[in-house]
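To be precise, the following lines are protein-v6.cif, and they hold mmCIF, C-alpha atoms.
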data_work
#
loop_
_atom_site.label_atom_id
_atom_site.label_comp_id
_atom_site.auth_asym_id
_atom_site.auth_seq_id
_atom_site.Cartn_x
_atom_site.Cartn_y
_atom_site.Cartn_z
CA MET A 1 -35.49 131.86 -50.86
CA LYS A 2 -37.01 129.63 -53.53
CA LYS A 3 -33.58 128.87 -55.04
CA TYR A 4 -32.23 128.05 -51.58
CA SER A 5 -35.12 125.65 -50.94
CA ILE A 6 -34.54 123.87 -54.25
CA LEU A 7 -30.81 123.56 -53.54
CA LEU A 8 -31.49 122.18 -50.07
CA LEU A 9 -33.96 119.67 -51.51
CA LEU A 10 -31.39 118.50 -54.08
CA ILE A 11 -28.75 118.04 -51.37
CA VAL A 12 -31.13 116.06 -49.14
CA THR A 13 -32.25 113.91 -52.08
CA ALA A 14 -28.66 113.18 -53.14
CA THR A 15 -27.67 112.30 -49.57
CA SER A 16 -30.65 109.97 -49.17
CA PHE A 17 -29.86 108.22 -52.46
CA ALA A 18 -26.20 107.79 -51.50
CA GLN A 19 -27.17 106.39 -48.11
CA GLU A 20 -29.54 103.91 -49.74
CA GLN A 21 -26.74 102.80 -52.08
CA LEU A 22 -24.22 102.29 -49.26
CA ASN A 23 -26.78 100.48 -47.10
CA ASN A 24 -26.81 97.66 -49.66
CA TYR A 25 -23.26 96.65 -48.68
CA LYS A 26 -22.21 94.89 -45.49
CA TYR A 27 -18.48 95.60 -45.56
CA ILE A 28 -15.98 98.27 -46.56
CA ILE A 29 -12.53 97.17 -47.79
CA VAL A 30 -9.57 99.51 -47.25
CA PRO A 31 -6.34 98.82 -49.19
CA LYS A 32 -3.17 98.71 -47.12
CA GLN A 33 -1.62 100.74 -49.93
CA PHE A 34 -3.58 103.14 -52.13
CA GLU A 35 -2.58 103.22 -55.81
CA THR A 36 -1.60 106.86 -55.64
CA PHE A 37 1.21 106.08 -53.15
CA LYS A 38 4.48 104.15 -53.41
CA GLU A 39 4.45 102.74 -49.87
CA GLU A 40 2.04 100.83 -47.67
CA ASN A 41 -0.01 103.10 -45.42
CA GLN A 42 1.95 106.11 -46.64
CA TYR A 43 1.22 109.21 -44.51
CA GLN A 44 -0.99 106.85 -42.41
CA THR A 45 -3.74 107.25 -45.02
CA SER A 46 -5.04 103.66 -44.80
CA THR A 47 -5.27 103.64 -41.00
CA LEU A 48 -6.95 107.04 -41.04
CA VAL A 49 -9.61 106.02 -43.60
CA LYS A 50 -10.36 102.82 -41.67
CA TYR A 51 -10.58 104.68 -38.37
CA VAL A 52 -12.91 107.40 -39.66
CA LEU A 53 -15.23 104.96 -41.46
CA GLU A 54 -15.46 102.72 -38.38
CA ASN A 55 -16.42 105.75 -36.29
CA GLN A 56 -19.16 106.46 -38.83
CA GLY A 57 -20.65 102.99 -38.25
CA PHE A 58 -19.22 101.03 -41.18
CA ASN A 59 -17.86 97.47 -40.89
CA VAL A 60 -14.31 97.99 -42.20
CA PHE A 61 -11.49 95.55 -42.98
CA TYR A 62 -8.07 95.81 -44.61
CA ASP A 63 -7.77 94.11 -48.00
CA ASP A 64 -5.37 91.46 -46.65
CA ASP A 65 -7.49 90.51 -43.63
CA LEU A 66 -11.04 89.88 -44.85
CA PRO A 67 -13.63 87.82 -42.95
CA SER A 68 -14.50 84.44 -44.50
CA GLU A 69 -17.96 85.60 -45.59
CA LEU A 70 -16.49 88.50 -47.53
CA ASN A 71 -13.71 86.33 -48.95
CA ALA A 72 -16.35 83.97 -50.32
CA ASN A 73 -18.48 86.75 -51.76
CA ARG A 74 -16.67 90.00 -52.52
CA CYS A 75 -19.94 91.51 -53.73
CA LEU A 76 -20.93 92.00 -50.08
CA GLY A 77 -18.35 94.76 -49.79
CA LEU A 78 -17.18 98.00 -51.35
CA LEU A 79 -13.53 98.78 -52.08
CA VAL A 80 -12.24 102.21 -51.01
CA VAL A 81 -10.38 104.16 -53.68
CA LEU A 82 -8.45 107.34 -52.91
CA VAL A 83 -9.03 109.90 -55.67
CA ASN A 84 -6.01 112.21 -55.61
CA ASN A 85 -6.33 115.51 -57.49
CA SER A 86 -3.58 117.30 -55.59
CA ASN A 87 -1.36 119.93 -57.13
CA MET A 88 1.76 121.83 -56.05
CA PHE A 89 -0.07 124.12 -53.68
CA THR A 90 -3.16 122.23 -52.49
CA THR A 91 -3.86 118.65 -51.45
CA LYS A 92 -7.19 117.54 -52.94
CA THR A 93 -8.65 114.12 -52.22
CA ALA A 94 -11.99 112.36 -52.49
CA ILE A 95 -12.99 108.86 -51.41
CA ALA A 96 -14.75 106.60 -53.93
CA PHE A 97 -16.44 103.27 -53.22
CA LYS A 98 -16.31 100.54 -55.90
CA ASP A 99 -18.41 97.36 -56.00
CA CYS A 100 -17.22 93.88 -57.00
CA GLN A 101 -17.63 94.77 -60.68
CA THR A 102 -15.36 97.85 -60.24
CA LYS A 103 -18.34 100.16 -60.67
CA ILE A 104 -18.23 103.32 -58.54
CA VAL A 105 -21.24 103.31 -56.22
CA TYR A 106 -20.53 106.58 -54.42
CA THR A 107 -17.89 109.31 -54.28
CA THR A 108 -17.53 111.77 -51.44
CA ALA A 109 -17.12 115.49 -51.82
CA GLU A 110 -13.53 116.58 -52.41
CA GLY A 111 -11.58 117.48 -49.30
CA THR A 112 -8.76 120.03 -49.49
CA SER A 113 -5.81 121.15 -47.40
CA LYS A 114 -3.06 123.73 -47.79
CA ILE A 115 -0.83 122.33 -45.04
CA LYS A 116 2.69 122.11 -46.48
CA GLU A 117 3.71 118.92 -44.69
CA TYR A 118 2.39 115.87 -46.60
CA LYS A 119 1.16 113.78 -43.69
CA GLY A 120 -0.81 116.62 -42.13
CA SER A 121 -2.10 117.75 -45.50
CA TYR A 122 -3.42 114.33 -46.58
CA ASN A 123 -4.89 113.72 -43.12
CA GLU A 124 -6.83 116.99 -43.23
CA ALA A 125 -7.99 116.51 -46.82
CA ILE A 126 -9.18 112.94 -46.18
CA LYS A 127 -11.04 113.93 -43.01
CA ASN A 128 -12.73 116.76 -44.91
CA ALA A 129 -13.73 114.40 -47.71
CA LEU A 130 -15.15 111.76 -45.35
CA SER A 131 -17.04 114.40 -43.37
CA SER A 132 -19.63 114.36 -46.17
CA LEU A 133 -20.72 110.96 -44.79
CA ASN A 134 -21.45 112.39 -41.33
CA THR A 135 -25.07 113.16 -42.20
CA MET A 136 -25.72 109.56 -43.25
CA ASN A 137 -27.18 107.04 -40.86
CA TYR A 138 -25.57 103.95 -42.36
CA GLN A 139 -27.32 100.64 -41.63
CA TYR A 140 -26.75 97.50 -43.67
CA THR A 141 -29.89 96.28 -45.40
CA GLU A 142 -29.56 92.75 -46.76
CA GLN A 143 -30.59 92.65 -50.39
CA ALA A 144 -29.34 89.37 -51.79
CA SER A 145 -31.03 86.12 -50.92
CA LYS A 146 -29.16 83.24 -49.34
CA PRO A 147 -26.80 81.32 -51.66
CA VAL A 148 -28.80 79.24 -54.11
CA VAL A 149 -27.51 75.72 -54.73
CA VAL A 150 -28.77 74.64 -58.13
CA SER A 151 -29.44 70.92 -57.91
CA PHE A 152 -31.98 68.60 -59.48
CA GLN A 153 -31.73 65.82 -56.89
CA ASN A 154 -35.19 66.36 -55.44
CA ASP A 155 -36.71 66.84 -58.87
CA VAL A 156 -35.30 63.49 -59.97
CA LYS A 157 -36.82 61.73 -56.96
CA ASN A 158 -40.19 63.28 -57.71
CA ILE A 159 -40.18 62.94 -61.47
CA ALA A 160 -38.76 59.42 -61.96
CA PRO A 161 -41.60 57.48 -60.28
CA LYS A 162 -44.20 59.42 -62.31
CA VAL A 163 -42.39 58.59 -65.53
CA GLN A 164 -42.23 54.91 -64.57
CA ASN A 165 -45.95 54.88 -63.80
CA ALA A 166 -46.61 56.49 -67.14
CA GLY A 167 -44.57 53.72 -68.74
CA SER A 168 -46.50 51.01 -66.88
CA GLU A 169 -49.81 52.48 -67.89
CA ALA A 170 -48.60 52.68 -71.47
CA LYS A 171 -47.52 49.02 -71.48
CA SER A 172 -50.89 47.95 -70.15
CA SER A 173 -52.62 49.49 -73.16
CA SER A 174 -52.87 47.65 -76.42
CA GLY A 175 -52.27 50.59 -78.77
CA ALA A 176 -48.94 50.77 -80.59
CA LEU A 177 -48.88 54.55 -80.15
CA LYS A 178 -49.10 54.22 -76.36
CA ASN A 179 -46.25 51.69 -76.36
CA ARG A 180 -44.11 54.14 -78.28
CA GLU A 181 -44.95 56.91 -75.80
CA ALA A 182 -43.92 54.64 -72.92
CA GLU A 183 -40.54 53.96 -74.54
CA ASN A 184 -39.94 57.68 -75.03
CA SER A 185 -40.88 58.40 -71.41
CA ALA A 186 -38.50 55.72 -70.14
CA SER A 187 -35.69 57.21 -72.25
CA ILE A 188 -36.31 60.65 -70.74
CA ALA A 189 -36.31 59.17 -67.24
CA GLU A 190 -32.92 57.53 -67.85
CA GLN A 191 -31.46 60.86 -68.95
CA ILE A 192 -32.78 62.65 -65.87
CA VAL A 193 -31.54 59.97 -63.47
CA LYS A 194 -28.03 60.49 -64.84
CA VAL A 195 -27.93 63.76 -62.93
CA VAL A 196 -25.23 63.14 -60.35
CA PRO A 197 -26.05 64.13 -56.74
CA LEU A 198 -23.58 66.61 -55.25
CA GLU A 199 -22.17 64.11 -52.75
CA ASN A 200 -21.43 61.54 -55.48
CA THR A 201 -19.64 63.71 -58.00
CA GLY A 202 -16.07 63.03 -56.92
CA ILE A 203 -15.59 66.72 -56.18
CA SER A 204 -12.14 68.02 -57.00
CA GLU A 205 -10.59 71.07 -55.37
CA VAL A 206 -8.26 73.48 -57.14
CA ASP A 207 -6.86 76.85 -56.07
CA TYR A 208 -7.73 79.73 -58.39
CA TYR A 209 -7.05 83.45 -58.12
CA ALA A 210 -9.83 85.85 -59.17
CA GLN A 211 -8.81 88.90 -61.21
CA PRO A 212 -11.46 91.58 -61.89
CA ILE A 213 -12.52 92.03 -65.53
CA GLU A 214 -15.42 93.82 -67.12
CA ASN A 215 -18.66 92.21 -65.89
CA GLY A 216 -16.95 89.76 -63.54
CA TYR A 217 -13.68 87.93 -62.93
CA GLN A 218 -11.17 85.71 -64.68
CA LEU A 219 -9.78 82.78 -62.71
CA VAL A 220 -6.04 82.18 -62.94
CA ASP A 221 -4.12 79.14 -61.72
CA SER A 222 -0.63 79.12 -60.20
CA SER A 223 1.08 78.91 -63.66
CA PRO A 224 -0.30 81.62 -64.06
CA LYS A 225 -2.83 80.72 -66.78
CA ILE A 226 -6.40 81.87 -67.32
CA VAL A 227 -8.62 78.82 -66.88
CA MET A 228 -12.11 80.23 -66.54
CA LYS A 229 -14.26 83.37 -66.66
CA MET A 230 -16.98 84.28 -64.17
CA LEU A 231 -19.60 86.65 -65.61
CA ALA A 232 -21.87 88.53 -63.20
CA THR A 233 -25.63 87.88 -63.03
CA SER A 234 -28.44 89.65 -61.18
CA LYS A 235 -27.54 87.53 -58.12
CA SER A 236 -24.32 88.53 -56.37
CA ASN A 237 -23.50 84.91 -55.43
CA ILE A 238 -24.13 83.33 -58.85
CA PHE A 239 -21.95 83.72 -61.97
CA LEU A 240 -22.14 82.40 -65.50
CA ALA A 241 -19.02 80.28 -66.00
CA GLU A 242 -16.99 79.81 -69.18
CA GLU A 243 -14.19 77.29 -68.87
CA ILE A 244 -11.39 78.07 -71.33
CA ASN A 245 -11.46 75.35 -74.04
CA GLY A 246 -13.97 73.45 -71.93
CA TYR A 247 -17.47 73.47 -70.52
CA SER A 248 -19.93 76.26 -69.72
CA GLY A 249 -22.16 76.34 -66.67
CA ILE A 250 -22.59 78.32 -63.47
CA ILE A 251 -20.43 79.12 -60.43
CA TYR A 252 -22.21 79.77 -57.15
CA ALA A 253 -21.27 80.39 -53.52
CA GLY A 254 -21.83 77.68 -50.94
CA GLU A 255 -21.28 77.74 -47.21
CA LYS A 256 -18.05 78.60 -45.35
CA GLY A 257 -16.37 80.24 -48.33
CA ALA A 258 -16.85 77.34 -50.75
CA TRP A 259 -17.55 77.88 -54.46
CA PHE A 260 -19.00 75.31 -56.89
CA PHE A 261 -18.86 74.96 -60.68
CA GLU A 262 -21.84 73.05 -62.14
CA TYR A 263 -21.98 71.99 -65.77
CA TYR A 264 -23.38 69.28 -68.01
CA GLU A 265 -21.34 66.59 -69.69
CA ASP A 266 -23.81 65.19 -72.21
CA THR A 267 -26.83 64.43 -69.96
CA THR A 268 -24.90 64.22 -66.68
CA LEU A 269 -24.72 67.11 -64.25
CA LEU A 270 -21.24 67.41 -62.72
CA VAL A 271 -20.01 69.58 -59.88
CA LYS A 272 -16.50 70.79 -59.09
CA SER A 273 -15.57 72.44 -55.81
CA LEU A 274 -13.33 75.48 -56.28
CA ARG A 275 -11.14 77.32 -53.82
CA ILE A 276 -11.21 80.88 -55.15
CA LYS A 277 -8.98 83.59 -53.71
CA PHE A 278 -10.23 87.12 -54.43
#

As structure tokens, what does this structure read like?
Amino acid sequence: MKKYSILLLLIVTATSFAQEQLNNYKYIIVPKQFETFKEENQYQTSTLVKYVLENQGFNVFYDDDLPSELNANRCLGLLVVLVNNSNMFTTKTAIAFKDCQTKIVYTTAEGTSKIKEYKGSYNEAIKNALSSLNTMNYQYTEQASKPVVVSFQNDVKNIAPKVQNAGSEAKSSSGALKNREAENSASIAEQIVKVVPLENTGISEVDYYAQPIENGYQLVDSSPKIVMKMLATSKSNIFLAEEINGYSGIIYAGEKGAWFFEYYEDTTLLVKSLRIKF
């Protein structure tokens, strides 16, 4: 009885942990074609997975028909992966869920089937695997804060007048040291004021394609050529950016699917608008 109680406790604890993990994600992405198959929706596996997950309360989309919010921030969703351990006599499948950094967040129990016909066999095995989610009460819990737009516009407005006053006070004094301090303060103010407001940056727009790499993505143009790397941070909508043979800065998500690359050129803050396709 004691062993049974411990086993039951472990199962409940594992289920609760898995549910908490899945609750952190708003969307589930189902590939139209799983890697283990040669054809799109082979044996109706994609439609079956989407159907079952929707019935279990998840917000599910195919990988070629994502909502704009998810397109702008793939870290809001989990990608479904079909783990196929089938052999000659038994179909064995499990369903894994990967985050935007290709890390597996959760894997279901393995479902099996001995039906000889492939379609029926994969359908039964997948349903058995996904049945391990039946005990979960999935409910999305928003974790990430709203997109943060890093800008020093307001700081400039607040800081510059204070620096100018400091300069005026310094000029009114007769000490040579105070005059020197005023000159230094004015120089700092000039550098800060060079920060270019977002609306005056001459934003350029370029289409890039995001390819998953370890710890983030690499952005590829239509050549195709790698032009930039996006490295993940603790915020799902902010990335460290490394432009190939260029500048370093940050890339962050804006509104309506927009992405922005901010970086310094000498003392001037510049912003580029990027159209990124994940």

If we count all atoms listed in the file and set the cut-off at 7 Å, which residues sit around Ala72 of chain A, ignoring sequence neighbours fewer than 4 positions away in its own chain? Please answer as a CSV table (one decimal) with C-alpha atoms, keeping the file's coordinate frame.
chain,number,residue,atom,x,y,z
A,68,SER,CA,-14.5,84.4,-44.5
A,253,ALA,CA,-21.3,80.4,-53.5
A,257,GLY,CA,-16.4,80.2,-48.3
A,258,ALA,CA,-16.8,77.3,-50.8

Just checking: using all atoms listed in the file, which residue out of A:Leu66, A:Lys103, A:Ala96, A:Lys116 ends up closest to Glu214 of chain A?
A:Lys103

Restrict the calculation to all atoms listed in the file, then for each residue of segment 65-93 of chain A with any atom at most 7 Å from an atom of segment 118-141 of chain A give the closest atom pair and their distance in Å to one decimal, rows by chain and rising residue number, as JSON lines.
{"residue": "A:Thr91", "atom": "CA", "partner": "A:Ser121", "partner_atom": "CA", "distance": 6.3}
{"residue": "A:Lys92", "atom": "CA", "partner": "A:Ala125", "partner_atom": "CA", "distance": 6.3}
{"residue": "A:Thr93", "atom": "CA", "partner": "A:Ala125", "partner_atom": "CA", "distance": 5.9}

In Å and to one decimal, atom CA of Lys229 of chain A is distant from atom CA of Thr268 of chain A by 21.9 Å

Result set of the PyMOL selection byres ((chain A and resi 50) around 10) on the coordinates above, as an MDAnalysis selection string
chainID A and resid 28:32 45:49 51:56 58:62 80

Translate the PyMOL selection byres ((chain A and resi 76-78) around 6), as applied to the file shown, into an explicit residue set as a PyMOL selection string.
chain A and resi 25-29+74-75+79+97-99

To one decimal in Å, tell me the separation between atom CA of Phe261 of chain A and atom CA of Ile276 of chain A.
11.1 Å

Nearest candidate to Tyr106 of chain A (options A:Glu142, A:Lys38, A:Leu219, A:Leu22; using only C-alpha atoms):
A:Leu22

Using Å and a single decimal, report how far atom CA of Ile244 of chain A sits from atom CA of Ile226 of chain A.
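According to the coordinates, atom CA of Ile226 of chain A and atom CA of Ile244 of chain A are separated by 7.4 Å.
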
Selection: 7 Å around Gly249 of chain A, only C-alpha atoms, excl. self and same-chain fewer than 4 positions, as a ChimeraX atom specification
/A:240-242,261-263

Target residues per the PyMOL selection byres ((chain A and resi 277) around 9), formatted as a list in words:
Asn71, Ala72, Asp207, Tyr208, Tyr209, Ala210, Arg275, Ile276 and Phe278 of chain A

Store the residues of this selection in a file with C-alpha atoms, as a JSON list (two decimals), in the coordinates of the input.
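Output contents, as saved in selection_8.json:
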[["chain", "number", "residue", "atom", "x", "y", "z"],
["A", 71, "ASN", "CA", -13.71, 86.33, -48.95],
["A", 72, "ALA", "CA", -16.35, 83.97, -50.32],
["A", 207, "ASP", "CA", -6.86, 76.85, -56.07],
["A", 208, "TYR", "CA", -7.73, 79.73, -58.39],
["A", 209, "TYR", "CA", -7.05, 83.45, -58.12],
["A", 210, "ALA", "CA", -9.83, 85.85, -59.17],
["A", 275, "ARG", "CA", -11.14, 77.32, -53.82],
["A", 276, "ILE", "CA", -11.21, 80.88, -55.15],
["A", 278, "PHE", "CA", -10.23, 87.12, -54.43]]

How big is the axis-aligned box, and where does its centre sit, when it encloses all atoms of segment 104-109 of chain A listed in the file and has 3 Å added on every side, reported in Å to one decimal as lines of an AutoDock Vina configuration file?
center_x = -19.2
center_y = 109.4
center_z = -55.0
size_x = 10.1
size_y = 18.2
size_z = 13.1

Output as a short mmCIF file (atom, residue, chain, number, x, y, z; two decimals), in the frame of the given file: segment 24-41 of chain A, completed with N, CA, C and O atoms.
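So rebuild.cif came out as:
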data_model
loop_
_atom_site.label_atom_id
_atom_site.label_comp_id
_atom_site.auth_asym_id
_atom_site.auth_seq_id
_atom_site.Cartn_x
_atom_site.Cartn_y
_atom_site.Cartn_z
N ASN A 24 -26.71 98.96 -49.01
CA ASN A 24 -26.81 97.66 -49.66
C ASN A 24 -25.57 96.80 -49.45
O ASN A 24 -25.55 95.63 -49.85
N TYR A 25 -24.53 97.36 -48.82
CA TYR A 25 -23.26 96.65 -48.68
C TYR A 25 -22.90 96.47 -47.21
O TYR A 25 -23.00 97.40 -46.41
N LYS A 26 -22.47 95.26 -46.89
CA LYS A 26 -22.21 94.89 -45.49
C LYS A 26 -20.83 95.30 -45.02
O LYS A 26 -20.61 95.54 -43.84
N TYR A 27 -19.87 95.36 -45.94
CA TYR A 27 -18.48 95.60 -45.56
C TYR A 27 -17.86 96.71 -46.41
O TYR A 27 -18.27 96.96 -47.54
N ILE A 28 -16.83 97.31 -45.83
CA ILE A 28 -15.98 98.27 -46.56
C ILE A 28 -14.55 97.73 -46.51
O ILE A 28 -14.07 97.33 -45.46
N ILE A 29 -13.89 97.70 -47.68
CA ILE A 29 -12.53 97.17 -47.79
C ILE A 29 -11.56 98.33 -48.02
O ILE A 29 -11.71 99.10 -48.97
N VAL A 30 -10.57 98.45 -47.13
CA VAL A 30 -9.57 99.51 -47.25
C VAL A 30 -8.23 98.91 -47.66
O VAL A 30 -7.71 98.02 -46.97
N PRO A 31 -7.66 99.34 -48.78
CA PRO A 31 -6.34 98.82 -49.19
C PRO A 31 -5.26 99.24 -48.19
O PRO A 31 -5.28 100.36 -47.67
N LYS A 32 -4.30 98.34 -47.95
CA LYS A 32 -3.17 98.71 -47.12
C LYS A 32 -2.29 99.75 -47.82
O LYS A 32 -1.57 100.49 -47.18
N GLN A 33 -2.38 99.75 -49.16
CA GLN A 33 -1.62 100.74 -49.93
C GLN A 33 -2.49 101.26 -51.07
O GLN A 33 -2.90 100.51 -51.94
N PHE A 34 -2.80 102.54 -51.05
CA PHE A 34 -3.58 103.14 -52.13
C PHE A 34 -2.70 103.29 -53.38
O PHE A 34 -1.48 103.50 -53.29
N GLU A 35 -3.32 103.20 -54.54
CA GLU A 35 -2.58 103.22 -55.81
C GLU A 35 -1.79 104.50 -56.02
O GLU A 35 -0.78 104.51 -56.69
N THR A 36 -2.26 105.57 -55.44
CA THR A 36 -1.60 106.86 -55.64
C THR A 36 -0.27 106.98 -54.89
O THR A 36 0.52 107.88 -55.15
N PHE A 37 0.00 106.04 -53.97
CA PHE A 37 1.21 106.08 -53.15
C PHE A 37 2.18 104.95 -53.48
O PHE A 37 1.77 103.91 -54.02
N LYS A 38 3.45 105.14 -53.13
CA LYS A 38 4.48 104.15 -53.41
C LYS A 38 4.71 103.19 -52.24
O LYS A 38 5.36 102.16 -52.40
N GLU A 39 4.21 103.55 -51.06
CA GLU A 39 4.45 102.74 -49.87
C GLU A 39 3.15 102.36 -49.19
O GLU A 39 2.13 103.05 -49.33
N GLU A 40 3.20 101.27 -48.44
CA GLU A 40 2.04 100.83 -47.67
C GLU A 40 1.74 101.82 -46.56
O GLU A 40 2.63 102.25 -45.83
N ASN A 41 0.47 102.18 -46.45
CA ASN A 41 -0.01 103.10 -45.42
C ASN A 41 0.80 104.40 -45.39
O ASN A 41 1.07 104.95 -44.32
#
